[in-house]
file data_34.cif (mmCIF, C-alpha atoms)
data_coords
loop_
_atom_site.label_atom_id
_atom_site.label_comp_id
_atom_site.auth_asym_id
_atom_site.auth_seq_id
_atom_site.Cartn_x
_atom_site.Cartn_y
_atom_site.Cartn_z
CA MET A 24 21.68 114.99 89.58
CA SER A 25 22.62 112.47 86.87
CA SER A 26 24.43 113.47 83.68
CA LEU A 27 21.40 112.48 81.58
CA SER A 28 19.05 114.61 83.68
CA MET A 29 21.40 117.56 83.40
CA ALA A 30 21.54 117.16 79.63
CA LEU A 31 17.74 117.04 79.36
CA ARG A 32 17.37 120.17 81.49
CA LEU A 33 19.93 122.14 79.49
CA THR A 34 18.83 121.11 75.99
CA PRO A 35 15.99 123.68 75.77
CA TYR A 36 18.46 126.52 76.39
CA ILE A 37 20.61 125.37 73.50
CA SER A 38 17.58 124.93 71.27
CA LEU A 39 16.36 128.45 72.05
CA SER A 40 19.66 129.82 70.79
CA GLY A 41 19.32 128.16 67.41
CA GLY A 42 15.77 126.95 66.73
CA ASN A 43 15.48 125.53 63.22
CA SER A 44 19.08 126.54 62.50
CA PHE A 45 20.26 124.25 65.27
CA ARG A 46 18.42 121.31 63.78
CA GLU A 47 19.69 122.11 60.27
CA ASN A 48 23.26 122.41 61.52
CA GLY A 49 22.94 119.14 63.42
CA LEU A 50 21.76 117.29 60.32
CA ARG A 51 24.51 118.89 58.23
CA ASP A 52 27.17 117.98 60.79
CA ALA A 53 25.88 114.39 60.96
CA GLY A 54 25.86 113.74 57.21
CA LEU A 55 29.57 114.27 56.59
CA PRO A 56 30.86 111.90 59.31
CA VAL A 57 28.34 109.22 58.28
CA LEU A 58 29.59 109.45 54.68
CA ALA A 59 33.22 109.24 55.80
CA PHE A 60 32.62 106.32 58.17
CA GLY A 61 30.69 104.48 55.46
CA THR A 62 33.54 104.89 52.97
CA VAL A 63 36.15 103.85 55.53
CA THR A 64 34.20 100.70 56.45
CA THR A 65 33.65 99.72 52.81
CA LEU A 66 37.32 100.09 51.95
CA LEU A 67 38.48 98.29 55.11
CA LEU A 68 36.20 95.33 54.45
CA THR A 69 37.17 95.24 50.78
CA VAL A 70 40.90 95.28 51.57
CA ALA A 71 40.52 92.61 54.25
CA GLY A 72 38.37 90.42 52.00
CA GLY A 73 40.70 90.72 49.03
CA SER A 74 43.74 89.76 51.11
CA GLN A 75 42.23 86.56 52.55
CA VAL A 76 43.29 84.46 49.61
CA PHE A 77 47.00 85.08 50.25
CA TRP A 78 46.83 83.33 53.61
CA SER A 79 45.18 80.23 52.16
CA TRP A 80 48.37 79.21 50.36
CA SER A 81 51.20 77.23 51.96
CA ASP A 82 53.61 76.37 49.14
CA ASP A 83 57.13 77.72 48.63
CA ILE A 84 56.11 80.94 46.90
CA ALA A 85 53.26 81.72 49.30
CA GLY A 86 55.59 83.68 51.57
CA THR A 87 56.37 86.16 48.79
CA TYR A 88 52.68 86.83 48.23
CA GLN A 89 52.02 87.16 51.96
CA ALA A 90 54.86 89.65 52.42
CA LEU A 91 53.54 91.75 49.54
CA ALA A 92 50.04 91.51 50.99
CA VAL A 93 51.23 92.82 54.37
CA VAL A 94 52.88 95.81 52.71
CA ALA A 95 49.72 96.57 50.71
CA LEU A 96 47.51 96.19 53.80
CA VAL A 97 49.63 98.58 55.85
CA LEU A 98 49.79 101.12 53.05
CA LEU A 99 45.99 101.15 52.80
CA VAL A 100 44.72 100.39 56.30
CA VAL A 101 46.80 102.98 58.19
CA PRO A 102 45.59 105.93 56.03
CA LEU A 103 42.04 104.57 56.27
CA LEU A 104 42.22 104.48 60.07
CA THR A 105 43.58 108.03 60.00
CA LEU A 106 40.64 109.05 57.83
CA GLY A 107 38.29 107.34 60.26
CA ALA A 108 39.77 109.29 63.17
CA SER A 109 39.36 112.51 61.17
CA ALA A 110 35.74 111.63 60.47
CA ALA A 111 35.02 111.68 64.19
CA ARG A 112 36.20 115.30 64.28
CA LEU A 113 34.66 116.63 61.07
CA ALA A 114 32.08 118.77 62.87
CA ALA A 115 34.28 119.38 65.89
CA ARG A 116 34.06 123.17 65.99
CA ARG A 117 30.26 123.35 65.77
CA ARG A 118 29.91 120.51 68.25
CA ASP A 119 32.45 122.16 70.56
CA ASP A 120 30.39 125.35 70.50
CA ARG A 121 27.25 123.55 71.59
CA LEU A 122 29.00 121.48 74.23
CA ALA A 123 30.88 124.51 75.53
CA SER A 124 27.51 126.24 75.93
CA LEU A 125 26.32 123.28 77.98
CA ARG A 126 29.41 123.56 80.17
CA LEU A 127 28.89 127.28 80.69
CA LEU A 128 25.26 126.60 81.65
CA GLY A 129 26.36 124.20 84.37
CA ALA A 130 26.82 120.76 82.78
CA ASN A 131 29.63 118.74 84.32
CA SER A 132 32.46 117.08 82.41
CA ALA A 133 30.82 113.65 82.49
CA THR A 134 27.72 115.02 80.75
CA VAL A 135 29.79 116.55 77.95
CA VAL A 136 31.91 113.42 77.50
CA TRP A 137 29.00 110.99 77.40
CA MET A 138 26.90 113.12 75.06
CA THR A 139 29.72 113.40 72.55
CA VAL A 140 30.92 109.80 72.76
CA ILE A 141 27.39 108.47 72.31
CA GLU A 142 26.69 110.87 69.42
CA SER A 143 29.91 110.01 67.59
CA THR A 144 29.48 106.28 68.15
CA LEU A 145 25.93 106.33 66.79
CA LEU A 146 27.04 108.23 63.68
CA ALA A 147 29.90 105.79 63.19
CA ALA A 148 27.55 102.84 63.61
CA VAL A 149 25.15 104.19 60.99
CA GLY A 150 27.99 104.83 58.55
CA ALA A 151 29.67 101.47 59.27
CA VAL A 152 26.46 99.50 58.70
CA ALA A 153 25.89 101.36 55.43
CA GLY A 154 29.51 100.67 54.47
CA ALA A 155 29.06 96.97 55.20
CA GLY A 156 26.03 96.96 52.91
CA LEU A 157 28.08 98.58 50.15
CA TYR A 158 30.83 96.00 50.67
CA ALA A 159 28.25 93.26 50.12
CA CYS A 160 27.53 94.84 46.73
CA VAL A 161 31.23 95.10 45.85
CA ALA A 162 32.33 91.63 47.01
CA PRO A 163 30.98 89.69 43.97
CA PHE A 164 33.04 91.89 41.64
CA LEU A 165 36.06 91.62 43.96
CA GLY A 166 35.84 87.84 43.61
CA LEU A 167 36.52 88.14 39.87
CA ILE A 168 40.08 89.43 40.45
CA GLN A 169 42.68 86.78 39.60
CA PHE A 170 45.85 85.84 41.46
CA ARG A 171 48.08 82.93 40.48
CA GLY A 172 45.83 82.30 37.49
CA HIS A 173 42.63 81.82 39.49
CA ALA A 174 39.83 84.15 40.60
CA ILE A 175 39.60 84.99 44.30
CA GLY A 176 36.01 83.76 44.31
CA SER A 177 34.54 83.05 47.73
CA TYR A 178 37.66 84.38 49.46
CA ALA A 179 36.38 87.88 48.72
CA TRP A 180 33.63 87.31 51.29
CA LEU A 181 34.46 87.90 54.94
CA SER A 182 32.70 85.95 57.64
CA VAL A 183 29.87 87.60 59.57
CA PRO A 184 31.97 87.80 62.80
CA SER A 185 34.74 89.55 60.83
CA ILE A 186 32.29 92.10 59.41
CA LEU A 187 30.80 92.73 62.84
CA GLY A 188 34.32 93.07 64.26
CA CYS A 189 35.16 95.71 61.64
CA ILE A 190 31.98 97.64 62.45
CA LEU A 191 32.82 97.48 66.16
CA ALA A 192 36.39 98.65 65.47
CA VAL A 193 35.11 101.67 63.52
CA CYS A 194 32.73 102.54 66.37
CA LEU A 195 35.53 102.25 68.95
CA LEU A 196 37.76 104.44 66.78
CA ALA A 197 35.02 107.07 66.62
CA ALA A 198 34.40 106.97 70.37
CA THR A 199 38.10 107.25 71.19
CA SER A 200 38.67 110.12 68.76
CA ALA A 201 35.61 111.97 70.10
CA ALA A 202 36.73 111.58 73.72
CA LEU A 203 40.27 112.79 72.92
CA GLY A 204 38.88 115.76 71.03
CA LEU A 205 36.90 116.92 74.07
CA ARG A 206 39.89 117.97 76.15
CA LYS A 207 39.71 121.65 75.25
CA VAL A 208 35.95 121.81 75.87
CA VAL A 209 36.23 120.21 79.28
CA VAL A 210 39.19 122.35 80.31
CA THR A 211 38.20 125.74 78.93
CA PRO A 212 34.63 126.03 77.61
CA LEU A 213 34.76 129.83 77.57
CA GLY A 214 37.82 129.77 75.32
CA VAL A 215 36.05 127.49 72.87
CA ARG A 216 32.91 129.58 72.89
CA THR A 217 34.83 132.81 72.22
CA ARG A 218 37.15 131.21 69.65
CA GLN A 219 40.25 131.79 71.75
CA THR A 220 41.65 128.25 71.73
CA ALA A 221 44.94 127.73 69.90
CA ASP A 222 45.55 124.72 67.70
CA GLY A 223 49.24 124.20 68.26
CA ALA A 224 51.70 122.17 66.20
CA HIS A 225 54.97 121.83 68.10
CA TRP A 226 58.40 121.22 66.56
CA VAL A 227 58.61 117.99 68.56
CA ARG A 228 56.29 116.50 65.94
CA GLY A 229 58.93 116.97 63.26
CA LEU A 230 61.66 115.55 65.48
CA VAL A 231 59.64 112.43 66.28
CA ALA A 232 58.75 111.87 62.60
CA ALA A 233 62.38 112.22 61.48
CA PHE A 234 63.48 109.79 64.20
CA VAL A 235 60.87 107.21 63.15
CA VAL A 236 61.86 107.41 59.47
CA VAL A 237 65.59 107.07 60.26
CA ILE A 238 65.03 104.10 62.56
CA GLY A 239 62.75 102.54 59.93
CA ALA A 240 65.39 102.93 57.22
CA VAL A 241 68.01 101.30 59.47
CA ALA A 242 65.65 98.42 60.29
CA MET A 243 64.84 97.88 56.60
CA GLY A 244 68.55 97.64 55.86
CA MET A 245 68.92 94.90 58.52
CA LEU A 246 66.02 92.69 57.36
CA SER A 247 68.30 89.85 56.27
CA SER A 248 69.68 89.53 59.81
CA PHE A 249 66.30 88.84 61.40
CA GLY A 250 66.16 85.28 60.07
CA ALA A 251 62.57 84.18 60.70
CA PHE A 252 60.16 85.03 57.89
CA ILE A 253 57.38 86.16 60.23
CA VAL A 254 59.78 88.57 61.95
CA ILE A 255 60.87 90.04 58.61
CA VAL A 256 57.25 90.58 57.55
CA ALA A 257 56.40 92.13 60.94
CA VAL A 258 59.36 94.52 60.75
CA MET A 259 58.45 95.59 57.21
CA GLY A 260 54.82 96.21 58.12
CA GLY A 261 55.76 97.99 61.32
CA CYS A 262 58.24 100.30 59.58
CA PHE A 263 55.77 101.31 56.88
CA GLY A 264 52.89 101.75 59.31
CA LEU A 265 54.88 103.79 61.82
CA ALA A 266 56.28 105.97 59.03
CA LEU A 267 52.76 106.77 57.83
CA LEU A 268 51.65 107.61 61.36
CA ALA A 269 54.78 109.76 61.82
CA LEU A 270 53.98 111.70 58.65
CA ASN A 271 50.47 112.27 59.91
CA LEU A 272 51.93 113.52 63.20
CA MET A 273 54.43 115.84 61.52
CA GLY A 274 52.04 117.25 58.91
CA PRO A 275 50.43 120.03 60.99
CA TRP A 276 53.85 121.29 62.10
CA VAL A 277 55.09 121.44 58.49
CA LEU A 278 51.97 123.36 57.45
CA ARG A 279 52.41 125.80 60.32
CA LEU A 280 56.00 126.54 59.25
CA HIS A 281 54.93 126.94 55.63
CA ALA A 282 52.05 129.25 56.53
CA SER A 283 54.23 131.34 58.84
CA ALA A 284 56.72 131.89 56.01
CA GLN A 285 53.88 132.82 53.64
CA LEU A 286 52.45 135.23 56.18
CA LYS A 287 55.74 137.13 56.34
CA ARG A 288 55.88 137.38 52.53
CA ALA A 289 52.19 138.20 52.02
CA ARG A 290 51.64 141.23 49.80
CA ARG A 291 47.99 140.77 48.88
CA PRO A 292 44.84 140.23 50.98
CA GLY A 293 44.30 136.75 49.55
CA GLN A 294 47.77 135.63 50.59
CA LEU A 295 47.32 137.04 54.07
CA LEU A 296 43.92 135.43 54.54
CA ALA A 297 45.15 132.05 53.25
CA ALA A 298 48.11 132.01 55.64
CA ARG A 299 45.91 133.04 58.56
CA THR A 300 43.45 130.27 57.68
CA VAL A 301 46.16 127.63 57.96
CA LEU A 302 47.66 129.11 61.13
CA GLU A 303 44.25 129.17 62.80
CA SER A 304 44.14 125.37 62.71
CA PRO A 305 47.15 123.52 61.22
CA LYS A 306 45.62 120.17 62.15
CA GLU A 307 42.43 120.89 60.25
CA SER A 308 44.44 122.14 57.27
CA TRP A 309 46.49 118.95 57.33
CA ARG A 310 43.35 116.83 57.17
CA GLN A 311 42.50 118.56 53.90
CA VAL A 312 45.83 117.73 52.21
CA GLY A 313 46.98 114.70 54.20
CA GLY A 314 45.36 112.31 51.72
CA VAL A 315 47.73 113.48 48.97
CA ALA A 316 50.71 112.96 51.29
CA MET A 317 49.58 109.40 52.04
CA THR A 318 49.00 108.70 48.35
CA SER A 319 52.45 110.03 47.44
CA PHE A 320 53.91 107.69 50.06
CA VAL A 321 52.02 104.77 48.49
CA GLY A 322 53.05 105.94 45.01
CA VAL A 323 56.73 105.31 45.72
CA PHE A 324 56.04 101.69 46.65
CA VAL A 325 53.74 101.26 43.67
CA GLY A 326 56.44 102.57 41.35
CA VAL A 327 59.07 100.27 42.88
CA GLY A 328 56.67 97.34 42.57
CA MET A 329 56.12 98.10 38.88
CA ALA A 330 59.86 98.45 38.29
CA LEU A 331 60.46 95.13 40.08
CA ALA A 332 57.80 93.41 37.97
CA GLU A 333 59.33 94.91 34.82
CA SER A 334 62.80 93.63 35.70
CA MET A 335 61.44 90.16 36.53
CA GLY A 336 59.47 90.10 33.29
CA GLY A 337 62.70 90.44 31.34
CA SER A 338 64.21 87.33 32.94
CA SER A 339 63.43 83.72 32.15
CA GLY A 340 61.75 82.02 35.05
CA GLY A 341 58.91 79.97 33.62
CA ASP A 342 55.19 80.18 34.21
CA GLU A 343 55.53 80.73 37.97
CA THR A 344 57.61 83.87 37.46
CA ALA A 345 55.23 85.14 34.78
CA LEU A 346 52.29 84.69 37.16
CA LEU A 347 54.17 86.49 39.94
CA VAL A 348 54.94 89.41 37.61
CA HIS A 349 51.27 89.60 36.57
CA ASP A 350 50.12 89.42 40.19
CA ILE A 351 52.52 92.15 41.32
CA ASN A 352 51.13 94.45 38.64
CA THR A 353 47.58 93.54 39.67
CA GLY A 354 48.38 94.16 43.33
CA VAL A 355 49.99 97.55 42.80
CA MET A 356 47.09 98.70 40.63
CA ILE A 357 44.57 97.66 43.30
CA THR A 358 46.64 99.38 45.98
CA LEU A 359 46.82 102.52 43.88
CA LEU A 360 43.08 102.48 43.21
CA GLY A 361 42.34 102.06 46.91
CA SER A 362 44.66 104.95 47.70
CA PHE A 363 42.90 107.19 45.17
CA LEU A 364 39.50 106.30 46.62
CA MET A 365 40.83 107.19 50.05
CA VAL A 366 42.18 110.57 48.96
CA ALA A 367 38.97 111.35 47.05
CA CYS A 368 36.85 110.66 50.14
CA SER A 369 39.24 112.50 52.46
CA ALA A 370 39.50 115.55 50.22
CA GLY A 371 35.80 115.78 49.42
CA VAL A 372 34.47 115.36 52.93
CA ASN A 373 37.11 117.50 54.63
CA GLN A 374 36.76 120.34 52.11
CA ALA A 375 33.00 120.43 52.58
CA ALA A 376 33.41 120.32 56.34
CA ALA A 377 36.02 123.10 56.30
CA VAL A 378 33.73 125.52 54.47
CA LEU A 379 30.77 124.73 56.71
CA ASP A 380 32.97 124.97 59.79
CA ARG A 381 34.06 128.50 58.86
CA ALA A 382 30.60 129.56 57.76
CA SER A 383 30.15 132.12 60.54
CA THR A 384 33.54 133.66 59.68
CA LEU A 385 32.60 133.85 56.00
CA VAL A 386 29.33 135.57 56.89
CA ALA A 387 31.19 138.09 59.06
CA LEU A 388 33.70 138.85 56.28
CA ASP A 389 30.85 139.31 53.81
CA ARG A 390 29.13 141.79 56.13
CA VAL A 391 32.27 143.93 56.43
CA GLY A 392 32.53 144.10 52.63
CA MET A 393 35.01 141.41 51.58
CA PRO A 394 34.28 140.24 48.00
CA THR A 395 33.24 136.61 47.58
CA LYS A 396 35.89 136.22 44.88
CA LEU A 397 38.60 137.04 47.42
CA MET A 398 37.23 134.49 49.91
CA VAL A 399 37.28 131.81 47.24
CA ALA A 400 40.84 132.69 46.16
CA ALA A 401 42.07 132.57 49.75
CA ARG A 402 40.36 129.21 50.30
CA VAL A 403 41.99 127.73 47.19
CA ARG A 404 45.42 129.10 48.06
CA ALA A 405 45.26 127.81 51.65
CA VAL A 406 44.75 124.25 50.38
CA ILE A 407 46.72 124.11 47.13
CA SER A 408 49.82 126.02 48.19
CA PRO A 409 51.29 123.38 50.56
CA LEU A 410 50.44 120.37 48.37
CA PHE A 411 53.81 120.16 46.60
CA LEU A 412 55.63 120.47 49.92
CA VAL A 413 53.71 117.74 51.76
CA ALA A 414 53.79 115.38 48.76
CA GLY A 415 57.54 115.86 48.37
CA ILE A 416 58.25 115.18 52.04
CA SER A 417 56.04 112.10 52.00
CA ALA A 418 57.66 110.69 48.85
CA ALA A 419 61.13 111.35 50.29
CA ALA A 420 60.24 109.46 53.49
CA ALA A 421 58.97 106.49 51.46
CA ALA A 422 62.11 106.53 49.31
CA ALA A 423 64.30 106.50 52.44
CA LEU A 424 62.49 103.40 53.70
CA VAL A 425 62.54 101.46 50.43
CA LEU A 426 66.11 102.41 49.45
CA PRO A 427 67.79 99.64 51.51
CA LEU A 428 65.60 97.05 49.74
CA ALA A 429 65.37 98.39 46.21
CA GLY A 430 68.69 100.17 45.81
CA THR A 431 69.37 103.40 43.97
CA ILE A 432 69.23 101.84 40.50
CA LEU A 433 65.74 100.40 40.91
CA LEU A 434 64.45 103.45 42.77
CA THR A 435 65.52 105.81 39.96
CA GLN A 436 64.02 103.76 37.12
CA PRO A 437 61.88 105.86 34.74
CA VAL A 438 58.78 103.81 35.61
CA VAL A 439 59.21 104.72 39.28
CA LEU A 440 59.59 108.43 38.62
CA LEU A 441 56.73 108.41 36.12
CA THR A 442 54.48 106.58 38.57
CA ILE A 443 55.24 109.03 41.38
CA ALA A 444 54.53 111.98 39.08
CA THR A 445 51.28 110.39 37.88
CA VAL A 446 50.16 109.62 41.42
CA PHE A 447 50.81 113.14 42.57
CA GLY A 448 49.13 114.63 39.50
CA ALA A 449 46.01 112.54 40.07
CA GLY A 450 45.99 113.37 43.79
CA PHE A 451 46.42 117.07 43.04
CA LEU A 452 43.51 116.92 40.59
CA LEU A 453 41.26 115.19 43.12
CA VAL A 454 42.02 117.78 45.78
CA ARG A 455 41.52 120.62 43.31
CA LEU A 456 38.12 119.24 42.34
CA ALA A 457 37.22 118.90 46.00
CA VAL A 458 38.29 122.50 46.64
CA ALA A 459 36.14 123.64 43.71
CA ALA A 460 33.15 121.80 45.16
CA GLY A 461 33.86 123.23 48.60
CA THR A 462 34.25 126.81 47.42
CA ALA A 463 30.96 126.48 45.54
CA GLN A 464 29.36 126.15 48.97
CA ILE A 465 30.58 129.62 49.95
CA GLY A 466 27.85 131.18 47.80
CA GLN A 467 25.26 128.93 49.46
CA VAL A 468 26.49 129.96 52.89
CA LEU A 469 26.31 133.66 52.07
CA SER A 470 22.86 133.32 50.47
CA ARG A 471 21.38 132.17 53.81
CA PRO A 472 23.60 133.62 56.51
CA GLU A 473 20.96 133.26 59.24
CA ARG A 474 21.60 129.51 59.36
CA PHE A 475 25.18 130.01 60.49
CA THR A 476 24.91 132.93 62.88
CA ALA A 477 22.32 131.59 65.26
CA LEU A 478 24.67 129.40 67.30
#

call {"tool": "encode", "arguments": {"input": "data_34.cif", "output": "C-alpha cells"}}
result
Amino acid sequence: MSSLSMALRLTPYISLSGGNSFRENGLRDAGLPVLAFGTVTTLLLTVAGGSQVFWSWSDDIAGTYQALAVVALVLLVVPLLTLGASAARLAARRRDDRLASLRLLGANSATVVWMTVIESTLLAAVGAVAGAGLYACVAPFLGLIQFRGHAIGSYAWLSVPSILGCILAVCLLAATSAALGLRKVVVTPLGVRTRQTADGAHWVRGLVAAFVVVIGAVAMGMLSSFGAFIVIVAVMGGCFGLALLALNLMGPWVLRLHASAQLKRARRPGQLLAARTVLESPKESWRQVGGVAMTSFVGVFVGVGMALAESMGGSSGGDETALLVHDINTGVMITLLGSFLMVACSAGVNQAAAVLDRASTLVALDRVGMPTKLMVAARVRAVISPLFLVAGISAAAAAALVLPLAGTILLTQPVVLLTIATVFGAGFLLVRLAVAAGTAQIGQVLSRPERFTAL
C-alpha cells in the first residue's frame, strides 16, 4: 500500500478525534509559520536588494564598502535563516501529536515524513510568495537610500530569478527543518503522544560554542596575514556567521543551566512553574529569547561602527572620507533596524506559538484550580528571567571577535556602551510586549477549553 493511500485511510480516524477543533487547530498552526516565512522572505530580499549596489563599484574605496556589506549581510542573514528554521517548527508539538497518532494507527515512516515535508513546504511557499509581494512594495522606498552621495535607485530591485531563488531557498529550509524535526515521531510515536519525550540540551553545545568563538577571535587577529582581500572578507564573514550559529547552538544549554539553578532556589509556585516550563523544552524557550541574543550581538558591531565613524569624522580626509562616515552611519542604522524587525517577528510569533502549544496544559492547570494570574506570572518569568544572561553572553562573544580589530580603546568608547545598552533595552521592550500579547491569549484559551482538549 502506498504512503498516500495509507494517509487517506487514516485521516478519518484523526478527524474523528478532533472534528471542528482539529480544523481550527490546523488553521491556527498554519497561520503562524506563514507569517514568519513571509517576514523572513521580505527581509532577506530587502537585505539582498539593498546590498547589490556595493558590488557595482570597482574603484579604490569599493573594497571598504564591500567588506562592510559582507559583515552587515552576515549579521542579518544568519539570524533570519535561524528564524526561518524556527518557523518550520512553530507548531511542532501539535503536529507531532497528530503524526504520532498516524504512526500508532499503522502509518509507516515514509508516510509521516512525506506528509510533514509537503505540509511545511506548502506553508513556506505561501509565506514566501506573500513576502516577495511585500518586498515589491518596499523596494521603491529602499531605492531612495543614499550611499556615496547617490540613491540606490534601480539597484534595490532584484532580478526575477534571484527572487525565485530566494523563495526556493526558503522552501528548502522549511522542508529540511521539518524532516529533521520528525526524528522523535518516527522513532517513538508513543512517547510523543504521551508527552514523555525529553528535549535535551547537552553541555557539548557550550563547549563547541566556546571553541568557535575562540578560534574566531584568533582568526580575526590574524587578518593582516591573509593577504588577498577576498580571503580577508571571507574570513571575517565566516567568523561572524559561525559565531552566531554557535550562540544559537549553545543557547538551549545555557537556559537549561539557568532554569535548573532557579528550580533549586524556587520558593513560590510561580518560580517553580517558570523553571519547569523552561526545563520541559530548552530549545523552545531559546527560540523565544534568541532574537534578543542575536540583536545584542549585532549591537556590539553597530556600536563599534558608530565609534569608528565618529573617530573618522574628527579627522581631515576630504569629501570622500565625509561620505564614508555618512555611509557607515547609514549602514549601521539600517542593520540595526533590520535586527529589530527580526527580533520583533521572532518574539511575537514564538510567544503566540508557545501559548497555543501549551494550551492543553493551561486547561489542565485551570481545571485543578490554579489561578490565571499565577499562570501569567509564570509565563512572564520563564521568558524575561534569562534575557539579561543571554544578552550578556552574546555581547561578550561579539566583543571577543571584534576586539582584535577595534582594540580596547575603541570598544570601550561611550558611544559603543550606550549603543549596546540601547539595543538591549529596545530588544527587552519588544520581547516584553510580545509576552504581554502572548499571555493575553491565556484567557482566550481558558474561555474555550474544548478547542484544545480534543486532540

call {"tool": "closest_residue", "arguments": {"input": "data_34.cif", "among": "A:Ala297, A:Val193, A:Ala95, A:Leu278", "to": "Val312 in chain A", "atoms": "all atoms listed in the file"}}
result
A:Leu278

call {"tool": "residues_around", "arguments": {"input": "data_34.cif", "residues": "range 458-472 of chain A", "least_positions_apart": "3", "cutoff": "12 Å", "atoms": "all atoms listed in the file", "output": "PyMOL selection string"}}
result
chain A and resi 44+48+311-312+367+369-390+393-407+451-455+475-478

call {"tool": "atom_distance", "arguments": {"input": "data_34.cif", "atom1": "CA of Val97 in chain A", "atom2": "CA of Gly264 in chain A"}}
result
5.7 Å

call {"tool": "resolve_selection", "arguments": {"input": "data_34.cif", "expression": "the PyMOL selection byres ((chain A and resi 228) around 12)", "output": "list in words"}}
result
Gly223, Ala224, His225, Trp226, Val227, Gly229, Leu230, Val231, Ala232, Ala233, Phe234, Val235, Leu268, Ala269, Leu270, Asn271, Leu272, Met273, Gly274, Pro275, Trp276, Val277, Leu278, Arg279 and Lys306 of chain A

call {"tool": "resolve_selection", "arguments": {"input": "data_34.cif", "expression": "the PyMOL selection byres ((chain A and resi 183-186) around 12)", "output": "VMD selection string"}}
result
chain A and resid 64 to 65 67 to 69 71 to 72 75 151 to 156 158 to 159 180 to 182 187 to 193

call {"tool": "residues_around", "arguments": {"input": "data_34.cif", "residues": "Leu302 in chain A", "least_positions_apart": "3", "cutoff": "7 Å", "atoms": "all atoms listed in the file", "output": "PyMOL selection string"}}
result
chain A and resi 279+282+298-299+305

call {"tool": "closest_residue", "arguments": {"input": "data_34.cif", "among": "A:Phe363, A:Leu426, A:Pro437, A:Ala457", "to": "Met243 in chain A", "atoms": "all atoms listed in the file"}}
result
A:Leu426

call {"tool": "resolve_selection", "arguments": {"input": "data_34.cif", "expression": "the PyMOL selection byres ((chain A and resi 77-81) around 10)", "output": "list in words"}}
result
Gly73, Ser74, Gln75, Val76, Asp82, Asp83, Ile84, Ala85, Gly86, Thr87, Tyr88, Gln89, Ala90, Leu91, Ala92, Val93, Phe170, Ile175 and Tyr178 of chain A

call {"tool": "atom_distance", "arguments": {"input": "data_34.cif", "atom1": "CA of Thr105 in chain A", "atom2": "CA of Leu66 in chain A"}}
result
12.9 Å

call {"tool": "closest_residue", "arguments": {"input": "data_34.cif", "among": "A:Val366, A:Val325, A:Ala108, A:Ala284", "to": "Asn352 in chain A", "atoms": "all atoms listed in the file"}}
result
A:Val325

call {"tool": "atom_distance", "arguments": {"input": "data_34.cif", "atom1": "CA of Phe447 in chain A", "atom2": "CA of Ser408 in chain A"}}
result
14.1 Å

call {"tool": "closest_residue", "arguments": {"input": "data_34.cif", "among": "A:Ala110, A:Leu433, A:Leu440, A:Ile238", "to": "Gly261 in chain A", "atoms": "all atoms listed in the file"}}
result
A:Ile238

call {"tool": "residues_near_point", "arguments": {"input": "data_34.cif", "point": "(28.6, 105.9, 50.7)", "cutoff": "8 Å", "atoms": "all atoms listed in the file", "output": "PyMOL selection string"}}
result
chain A and resi 58-59+61-62+150+153-154+157

call {"tool": "residues_around", "arguments": {"input": "data_34.cif", "residues": "Ala420 in chain A", "least_positions_apart": "6", "cutoff": "8 Å", "atoms": "only C-alpha atoms", "output": "ChimeraX atom specification"}}
result
/A:236,266,320

call {"tool": "closest_residue", "arguments": {"input": "data_34.cif", "among": "A:Leu106, A:Ile168, A:Ile443, A:Val57", "to": "Gly354 in chain A", "atoms": "only C-alpha atoms"}}
result
A:Ile168

call {"tool": "residues_around", "arguments": {"input": "data_34.cif", "residues": "Leu331 in chain A", "least_positions_apart": "5", "cutoff": "9 Å", "atoms": "only C-alpha atoms", "output": "PDB file with C-alpha atoms, keeping the file's coordinate frame"}}
result
ATOM      1  CA  GLY A 326      56.440 102.570  41.350  1.00  0.00           C
ATOM      2  CA  GLY A 336      59.470  90.100  33.290  1.00  0.00           C
ATOM      3  CA  VAL A 348      54.940  89.410  37.610  1.00  0.00           C
ATOM      4  CA  ILE A 351      52.520  92.150  41.320  1.00  0.00           C
ATOM      5  CA  ALA A 429      65.370  98.390  46.210  1.00  0.00           C
ATOM      6  CA  LEU A 433      65.740 100.400  40.910  1.00  0.00           C
TER       7      LEU A 433
END

call {"tool": "axis_aligned_box", "arguments": {"input": "data_34.cif", "around": "range 241-248 of chain A", "padding_each_side": "3 Å", "output": "JSON"}}
result
{"center_x": 67.3, "center_y": 95.4, "center_z": 58.1, "size_x": 10.8, "size_y": 17.8, "size_z": 10.4}
